[in-house]
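Quick look at run.pdb (PDB, C-alpha atoms and all ligand atoms):
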MODEL        1
ATOM      1  CA  MET O   1     104.545  41.707  52.253
ATOM      2  CA  ILE O   2     107.969  42.865  53.402
ATOM      3  CA  GLU O   3     108.144  40.111  56.048
ATOM      4  CA  ASP O   4     108.150  37.531  53.226
ATOM      5  CA  ILE O   5     111.336  38.995  51.705
ATOM      6  CA  GLU O   6     114.677  37.368  52.541
ATOM      7  CA  GLN O   7     116.833  40.127  51.089
ATOM      8  CA  VAL O   8     116.416  43.268  48.988
ATOM      9  CA  LEU O   9     118.484  42.761  45.833
ATOM     10  CA  TYR O  10     117.891  46.079  44.056
ATOM     11  CA  THR O  11     116.481  49.234  45.573
ATOM     12  CA  GLU O  12     114.178  51.675  43.832
ATOM     13  CA  GLN O  13     117.125  53.997  43.219
ATOM     14  CA  GLN O  14     119.412  51.289  41.821
ATOM     15  CA  ILE O  15     116.610  50.230  39.486
ATOM     16  CA  ALA O  16     116.024  53.804  38.282
ATOM     17  CA  GLU O  17     119.741  54.302  37.582
ATOM     18  CA  ARG O  18     120.027  51.055  35.633
ATOM     19  CA  VAL O  19     116.855  51.702  33.613
ATOM     20  CA  SER O  20     118.202  55.100  32.636
ATOM     21  CA  VAL O  21     121.444  53.530  31.332
ATOM     22  CA  LEU O  22     119.481  50.926  29.340
ATOM     23  CA  GLY O  23     117.245  53.649  27.897
ATOM     24  CA  LYS O  24     120.255  55.592  26.631
ATOM     25  CA  ARG O  25     121.795  52.495  25.002
ATOM     26  CA  ILE O  26     118.523  51.640  23.306
ATOM     27  CA  HIS O  27     118.124  55.251  22.179
ATOM     28  CA  THR O  28     121.515  55.098  20.427
ATOM     29  CA  ASP O  29     120.861  51.687  18.869
ATOM     30  CA  TYR O  30     117.365  52.466  17.550
ATOM     31  CA  LEU O  31     117.811  56.042  16.344
ATOM     32  CA  GLY O  32     115.974  56.441  13.002
ATOM     33  CA  LYS O  33     114.383  52.974  13.229
ATOM     34  CA  LYS O  34     110.675  52.152  13.342
ATOM     35  CA  LEU O  35     110.609  50.915  16.943
ATOM     36  CA  LEU O  36     107.934  48.694  18.459
ATOM     37  CA  LEU O  37     108.270  48.070  22.183
ATOM     38  CA  ILE O  38     106.511  44.841  23.199
ATOM     39  CA  GLY O  39     105.918  44.415  26.922
ATOM     40  CA  THR O  40     105.310  40.950  28.350
ATOM     41  CA  LEU O  41     102.379  40.875  30.759
ATOM     42  CA  LYS O  42     102.111  40.972  33.580
ATOM     43  CA  GLY O  43     105.630  40.809  35.028
ATOM     44  CA  ALA O  44     107.180  43.536  32.866
ATOM     45  CA  PHE O  45     104.479  46.164  33.372
ATOM     46  CA  LEU O  46     106.514  48.440  35.667
ATOM     47  CA  PHE O  47     109.802  47.934  33.804
ATOM     48  CA  MET O  48     108.005  48.648  30.530
ATOM     49  CA  ALA O  49     106.526  51.891  31.896
ATOM     50  CA  ASP O  50     109.912  53.097  33.174
ATOM     51  CA  LEU O  51     111.955  51.930  30.176
ATOM     52  CA  ALA O  52     109.571  53.438  27.604
ATOM     53  CA  ARG O  53     110.003  56.823  29.320
ATOM     54  CA  ALA O  54     113.788  56.405  29.427
ATOM     55  CA  ILE O  55     114.016  55.916  25.634
ATOM     56  CA  ASN O  56     113.678  59.316  24.083
ATOM     57  CA  LEU O  57     112.522  58.139  20.642
ATOM     58  CA  PRO O  58     109.232  57.856  18.739
ATOM     59  CA  MET O  59     107.873  54.342  19.286
ATOM     60  CA  GLU O  60     104.785  52.221  19.246
ATOM     61  CA  ILE O  61     103.799  50.091  22.211
ATOM     62  CA  ASP O  62     102.061  46.739  22.375
ATOM     63  CA  PHE O  63     101.738  43.949  24.922
ATOM     64  CA  ILE O  64     101.796  40.189  24.786
ATOM     65  CA  SER O  65     101.079  37.664  27.492
ATOM     66  CA  ALA O  66     102.761  34.278  27.421
ATOM     67  CA  SER O  67     103.035  31.803  30.233
ATOM     68  CA  SER O  68     105.229  28.858  31.049
ATOM     69  CA  TYR O  69     104.499  28.919  34.783
ATOM     70  CA  GLY O  70     101.383  28.098  36.749
ATOM     71  CA  ASN O  71     101.303  29.254  40.334
ATOM     72  CA  GLY O  72     104.640  27.622  41.132
ATOM     73  CA  THR O  73     108.255  28.663  40.878
ATOM     74  CA  THR O  74     109.628  26.261  38.278
ATOM     75  CA  SER O  75     109.253  26.464  34.532
ATOM     76  CA  GLN O  76     106.916  23.911  32.991
ATOM     77  CA  GLY O  77     108.320  24.111  29.486
ATOM     78  CA  LEU O  78     105.112  24.629  27.572
ATOM     79  CA  ILE O  79     104.514  28.155  26.282
ATOM     80  CA  HIS O  80     101.002  29.375  25.881
ATOM     81  CA  ILE O  81      99.947  32.775  24.455
ATOM     82  CA  ARG O  82      97.231  34.249  26.641
ATOM     83  CA  LYS O  83      97.062  37.602  24.864
ATOM     84  CA  ASP O  84      98.560  38.254  21.457
ATOM     85  CA  LEU O  85      99.712  41.586  19.983
ATOM     86  CA  ASP O  86      96.916  43.966  18.990
ATOM     87  CA  HIS O  87      98.582  44.831  15.635
ATOM     88  CA  SER O  88     100.874  43.103  13.172
ATOM     89  CA  PRO O  89     104.562  43.748  13.984
ATOM     90  CA  LYS O  90     105.542  43.324  10.302
ATOM     91  CA  GLY O  91     108.301  45.718   9.258
ATOM     92  CA  TYR O  92     108.995  47.005  12.788
ATOM     93  CA  HIS O  93     112.189  46.764  14.784
ATOM     94  CA  ALA O  94     110.641  44.823  17.660
ATOM     95  CA  LEU O  95     112.130  45.078  21.126
ATOM     96  CA  ILE O  96     110.599  42.660  23.630
ATOM     97  CA  VAL O  97     110.628  44.020  27.169
ATOM     98  CA  GLU O  98     110.706  41.167  29.678
ATOM     99  CA  ASP O  99     110.861  41.011  33.469
ATOM    100  CA  ILE O 100     113.159  38.006  33.843
ATOM    101  CA  VAL O 101     114.751  35.374  31.605
ATOM    102  CA  ASP O 102     115.106  32.060  33.412
ATOM    103  CA  SER O 103     114.928  28.833  31.336
ATOM    104  CA  GLY O 104     114.919  30.980  28.179
ATOM    105  CA  ARG O 105     111.958  29.065  26.756
ATOM    106  CA  THR O 106     109.497  31.972  26.761
ATOM    107  CA  LEU O 107     111.838  34.325  24.961
ATOM    108  CA  SER O 108     113.121  31.784  22.438
ATOM    109  CA  TYR O 109     109.513  31.067  21.583
ATOM    110  CA  LEU O 110     108.491  34.735  21.383
ATOM    111  CA  THR O 111     111.486  35.817  19.281
ATOM    112  CA  GLU O 112     110.898  32.956  16.804
ATOM    113  CA  ASN O 113     107.216  33.772  16.707
ATOM    114  CA  LEU O 114     107.968  37.434  15.859
ATOM    115  CA  ARG O 115     110.551  36.502  13.211
ATOM    116  CA  SER O 116     107.904  34.439  11.468
ATOM    117  CA  GLN O 117     105.772  37.613  11.318
ATOM    118  CA  HIS O 118     108.430  39.365   9.209
ATOM    119  CA  VAL O 119     109.709  41.957  11.656
ATOM    120  CA  ALA O 120     112.706  44.055  10.521
ATOM    121  CA  SER O 121     114.547  42.853  13.636
ATOM    122  CA  VAL O 122     113.791  41.393  17.047
ATOM    123  CA  GLU O 123     115.794  41.830  20.250
ATOM    124  CA  VAL O 124     115.112  41.387  23.944
ATOM    125  CA  CYS O 125     115.589  43.770  26.846
ATOM    126  CA  THR O 126     115.134  41.917  30.112
ATOM    127  CA  PHE O 127     115.179  43.562  33.500
ATOM    128  CA  LEU O 128     116.748  40.493  35.144
ATOM    129  CA  ASP O 129     118.718  37.613  33.706
ATOM    130  CA  LYS O 130     119.061  34.314  35.578
ATOM    131  CA  PRO O 131     121.518  32.359  33.355
ATOM    132  CA  SER O 132     121.767  29.477  35.870
ATOM    133  CA  GLY O 133     118.174  28.512  34.994
ATOM    134  CA  ARG O 134     118.699  28.093  31.244
ATOM    135  CA  ALA O 135     117.165  25.023  29.626
ATOM    136  CA  VAL O 136     117.609  26.336  26.070
ATOM    137  CA  SER O 137     120.354  28.557  24.752
ATOM    138  CA  PHE O 138     119.198  32.172  24.787
ATOM    139  CA  GLU O 139     121.099  35.455  25.155
ATOM    140  CA  PRO O 140     119.152  38.712  25.668
ATOM    141  CA  LYS O 141     120.745  41.711  23.944
ATOM    142  CA  TYR O 142     120.039  44.015  26.909
ATOM    143  CA  ALA O 143     119.849  42.993  30.565
ATOM    144  CA  GLY O 144     119.392  45.188  33.633
ATOM    145  CA  PHE O 145     120.966  42.888  36.206
ATOM    146  CA  THR O 146     122.237  39.314  36.225
ATOM    147  CA  ILE O 147     121.186  37.300  39.283
ATOM    148  CA  PRO O 148     122.544  33.925  40.423
ATOM    149  CA  GLY O 149     119.334  32.075  41.323
ATOM    150  CA  GLY O 150     116.507  31.974  43.826
ATOM    151  CA  PHE O 151     113.002  33.260  43.284
ATOM    152  CA  VAL O 152     112.591  37.033  43.117
ATOM    153  CA  VAL O 153     109.543  39.244  43.435
ATOM    154  CA  GLY O 154     108.670  42.925  43.234
ATOM    155  CA  TYR O 155     108.952  45.632  40.556
ATOM    156  CA  GLY O 156     106.186  43.844  38.621
ATOM    157  CA  MET O 157     107.177  40.273  39.437
ATOM    158  CA  ASP O 158     104.877  38.047  41.461
ATOM    159  CA  TYR O 159     104.509  34.886  43.391
ATOM    160  CA  ALA O 160     100.916  33.625  43.046
ATOM    161  CA  GLU O 161      99.919  37.169  41.923
ATOM    162  CA  LYS O 162     101.302  38.844  45.057
ATOM    163  CA  TYR O 163     104.206  41.269  45.548
ATOM    164  CA  ARG O 164     104.043  42.904  42.070
ATOM    165  CA  ASN O 165     103.647  46.374  43.592
ATOM    166  CA  LEU O 166     106.809  46.245  45.716
ATOM    167  CA  PRO O 167     108.976  49.109  44.401
ATOM    168  CA  PHE O 168     112.187  47.088  44.882
ATOM    169  CA  VAL O 169     113.324  43.599  43.843
ATOM    170  CA  GLY O 170     113.669  41.078  46.638
ATOM    171  CA  LEU O 171     114.482  37.432  47.139
ATOM    172  CA  LEU O 172     111.373  35.625  48.352
ATOM    173  CA  LYS O 173     111.796  33.522  51.500
ATOM    174  CA  ARG O 174     111.914  29.845  50.568
ATOM    175  CA  LYS O 175     109.338  28.945  53.188
ATOM    176  CA  ILE O 176     106.741  30.973  51.238
ATOM    177  CA  TYR O 177     106.944  28.847  48.118
ATOM    178  CA  GLU O 178     108.013  25.579  49.696
ATOM    179  CA  LYS O 179     105.110  25.345  52.125
TER
HETATM  180  P1  LIG O 201     111.471  31.260  31.219
HETATM  181  O1  LIG O 201     110.639  30.850  30.044
HETATM  182  O2  LIG O 201     112.691  32.046  30.852
HETATM  183  O3  LIG O 201     111.790  30.090  32.107
HETATM  184  O4  LIG O 201     110.524  32.102  32.138
HETATM  185  C1  LIG O 201     110.398  33.452  32.118
HETATM  186  C2  LIG O 201     109.229  33.809  33.004
HETATM  187  O5  LIG O 201     109.246  33.044  34.205
HETATM  188  C3  LIG O 201     109.317  35.243  33.457
HETATM  189  O6  LIG O 201     108.627  36.099  32.593
HETATM  190  C4  LIG O 201     108.663  35.206  34.815
HETATM  191  O7  LIG O 201     107.270  35.374  34.669
HETATM  192  C5  LIG O 201     108.919  33.808  35.323
HETATM  193  N1  LIG O 201     110.040  33.760  36.277
HETATM  194  C6  LIG O 201     111.229  33.155  36.131
HETATM  195  N2  LIG O 201     112.018  33.322  37.218
HETATM  196  C7  LIG O 201     111.292  34.069  38.078
HETATM  197  C8  LIG O 201     111.552  34.597  39.386
HETATM  198  O8  LIG O 201     112.612  34.429  40.008
HETATM  199  N3  LIG O 201     110.541  35.329  39.939
HETATM  200  C9  LIG O 201     109.353  35.550  39.315
HETATM  201  N4  LIG O 201     108.457  36.291  39.965
HETATM  202  N5  LIG O 201     109.083  35.080  38.096
HETATM  203  C10 LIG O 201     110.035  34.336  37.483
ENDMDL
END
What would the structure in this file look like if it were written as structure tokens?
Amino acid sequence: MIEDIEQVLYTEQQIAERVSVLGKRIHTDYLGKKLLLIGTLKGAFLFMADLARAINLPMEIDFISASSYGNGTTSQGLIHIRKDLDHSPKGYHALIVEDIVDSGRTLSYLTENLRSQHVASVEVCTFLDKPSGRAVSFEPKYAGFTIPGGFVVGYGMDYAEKYRNLPFVGLLKRKIYEK
């Protein structure tokens, strides 16, 4: 797997330090609130596991799976819910935990969808933000790191279902997805 990586962007240690900072901010902001952490499958599974343990508050956890990508590296625009929440989020302060915001379409759709289910509030915590890819205006409240562009893998994120278990985040070599 490692031979397919152009450059390591964030090491395991840098990720752990950043997640800890995010956890503390979220702890302060959600103190005393009925918190529902919503992880987006599958890309956010590792970030979700680490972030949930870095927020020292009572919370409930659910997962949702939405897709705008097939096996490629460019957004297709159409959002499709593959797996919905197990329980109604009504009345909860929902915090969506996402791996990466690119075009912004997935998160604009998911936040609107949750608002229509009468949540007390909805915010987004994304591990990575790629503002250069935006097709719709969307600003996550919390972001781990902002990256310029390129296609990244690791720490939960895949290309054609590979590389999710890399403990670091790396830039995938272009020749892998352009072949
Ligand atoms: P958006 O709707 O913001 O365009 O897409 C967000 C989703 O696209 C993310 O949850 C992720 O699955 C995928 N995505 C966007 N950029 C990247 C990237 O650089 N690497 C990987 N692995 N997935 C990406």
- Message: At a cut-off of 7 Å and counting only C-alpha atoms and all ligand atoms, what residues surround ligand LIG 201 (chain O)? Please answer as a list in words.
- Response: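 Going residue by residue within 7 Å of ligand LIG 201 (chain O), we get Gly43, Ser68, Tyr69, Thr73, Ser75, Glu98, Asp99, Ile100, Val101, Asp102, Ser103, Gly104, Arg105, Thr106, Leu107, Gly150, Phe151, Val152, Val153, Met157, Asp158 and Tyr159 of chain O.
For O:Tyr92, the non-local neighbours within 8 Å, defined as residues at least 3 positions apart in the same chain or in other chains and counting all atoms listed in the file, are Lys34, Leu35, Leu36, Pro89, Val119, Ala120 and Ser121 of chain O.
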Kindly resolve the PyMOL selection byres (((chain O and resi 40) around 7) and not hetatm) on the present coordinates and return the residues as a compact mmCIF listing (two decimals) with C-alpha atoms, in the coordinates of the input.
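Writing the result to out-v9.txt gives the following:
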# COMPACT_ATOMS: atom_id res chain seq x y z
CA ILE O 38 106.51 44.84 23.20
CA GLY O 39 105.92 44.42 26.92
CA LEU O 41 102.38 40.88 30.76
CA LYS O 42 102.11 40.97 33.58
CA GLY O 43 105.63 40.81 35.03
CA ALA O 44 107.18 43.54 32.87
CA PHE O 63 101.74 43.95 24.92
CA ILE O 64 101.80 40.19 24.79
CA SER O 65 101.08 37.66 27.49
CA VAL O 97 110.63 44.02 27.17
CA GLU O 98 110.71 41.17 29.68
- Message: Please list, as a VMD selection string, the residues that have an atom at most 6 Å away from (114.6, 38.3, 21.7) in the coordinates of this file, counting only C-alpha atoms.
- Response: chain O and resid 107 111 122 to 124
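Across the model, the gap from atom CA of O:Ile96 to atom CA of O:Lys141 is 10.2 Å.
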The PyMOL selection byres (((chain O and resi 10) around 12) and not hetatm) resolved against shown file, as a PDB file with C-alpha atoms, in the coordinates of the input:
ATOM      1  CA  GLN O   7     116.833  40.127  51.089  1.00  0.00           C
ATOM      2  CA  VAL O   8     116.416  43.268  48.988  1.00  0.00           C
ATOM      3  CA  LEU O   9     118.484  42.761  45.833  1.00  0.00           C
ATOM      4  CA  THR O  11     116.481  49.234  45.573  1.00  0.00           C
ATOM      5  CA  GLU O  12     114.178  51.675  43.832  1.00  0.00           C
ATOM      6  CA  GLN O  13     117.125  53.997  43.219  1.00  0.00           C
ATOM      7  CA  GLN O  14     119.412  51.289  41.821  1.00  0.00           C
ATOM      8  CA  ILE O  15     116.610  50.230  39.486  1.00  0.00           C
ATOM      9  CA  ALA O  16     116.024  53.804  38.282  1.00  0.00           C
ATOM     10  CA  GLU O  17     119.741  54.302  37.582  1.00  0.00           C
ATOM     11  CA  ARG O  18     120.027  51.055  35.633  1.00  0.00           C
ATOM     12  CA  VAL O  19     116.855  51.702  33.613  1.00  0.00           C
ATOM     13  CA  PHE O 127     115.179  43.562  33.500  1.00  0.00           C
ATOM     14  CA  LEU O 128     116.748  40.493  35.144  1.00  0.00           C
ATOM     15  CA  GLY O 144     119.392  45.188  33.633  1.00  0.00           C
ATOM     16  CA  PHE O 145     120.966  42.888  36.206  1.00  0.00           C
ATOM     17  CA  THR O 146     122.237  39.314  36.225  1.00  0.00           C
ATOM     18  CA  ILE O 147     121.186  37.300  39.283  1.00  0.00           C
ATOM     19  CA  VAL O 152     112.591  37.033  43.117  1.00  0.00           C
ATOM     20  CA  VAL O 153     109.543  39.244  43.435  1.00  0.00           C
ATOM     21  CA  GLY O 154     108.670  42.925  43.234  1.00  0.00           C
ATOM     22  CA  TYR O 155     108.952  45.632  40.556  1.00  0.00           C
ATOM     23  CA  LEU O 166     106.809  46.245  45.716  1.00  0.00           C
ATOM     24  CA  PRO O 167     108.976  49.109  44.401  1.00  0.00           C
ATOM     25  CA  PHE O 168     112.187  47.088  44.882  1.00  0.00           C
ATOM     26  CA  VAL O 169     113.324  43.599  43.843  1.00  0.00           C
ATOM     27  CA  GLY O 170     113.669  41.078  46.638  1.00  0.00           C
ATOM     28  CA  LEU O 171     114.482  37.432  47.139  1.00  0.00           C
TER      29      LEU O 171
END
- Task: Please indicate the distance in Å from atom CA of O:Lys175 to atom CA of O:Ile79, rounded to one decimal place.
- Result: 27.3 Å
- From atom CA of O:Pro131 to atom CA of O:Phe45 the spacing works out at 21.9 Å
- Message: Taking all atoms listed in the file into account, name the residue in O:Arg164, O:Glu112, O:Leu95, O:Gly149 that is nearest to O:Asp129.
- Response: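 When distances to O:Asp129 are compared using all atoms listed in the file, the smallest one comes from O:Gly149.
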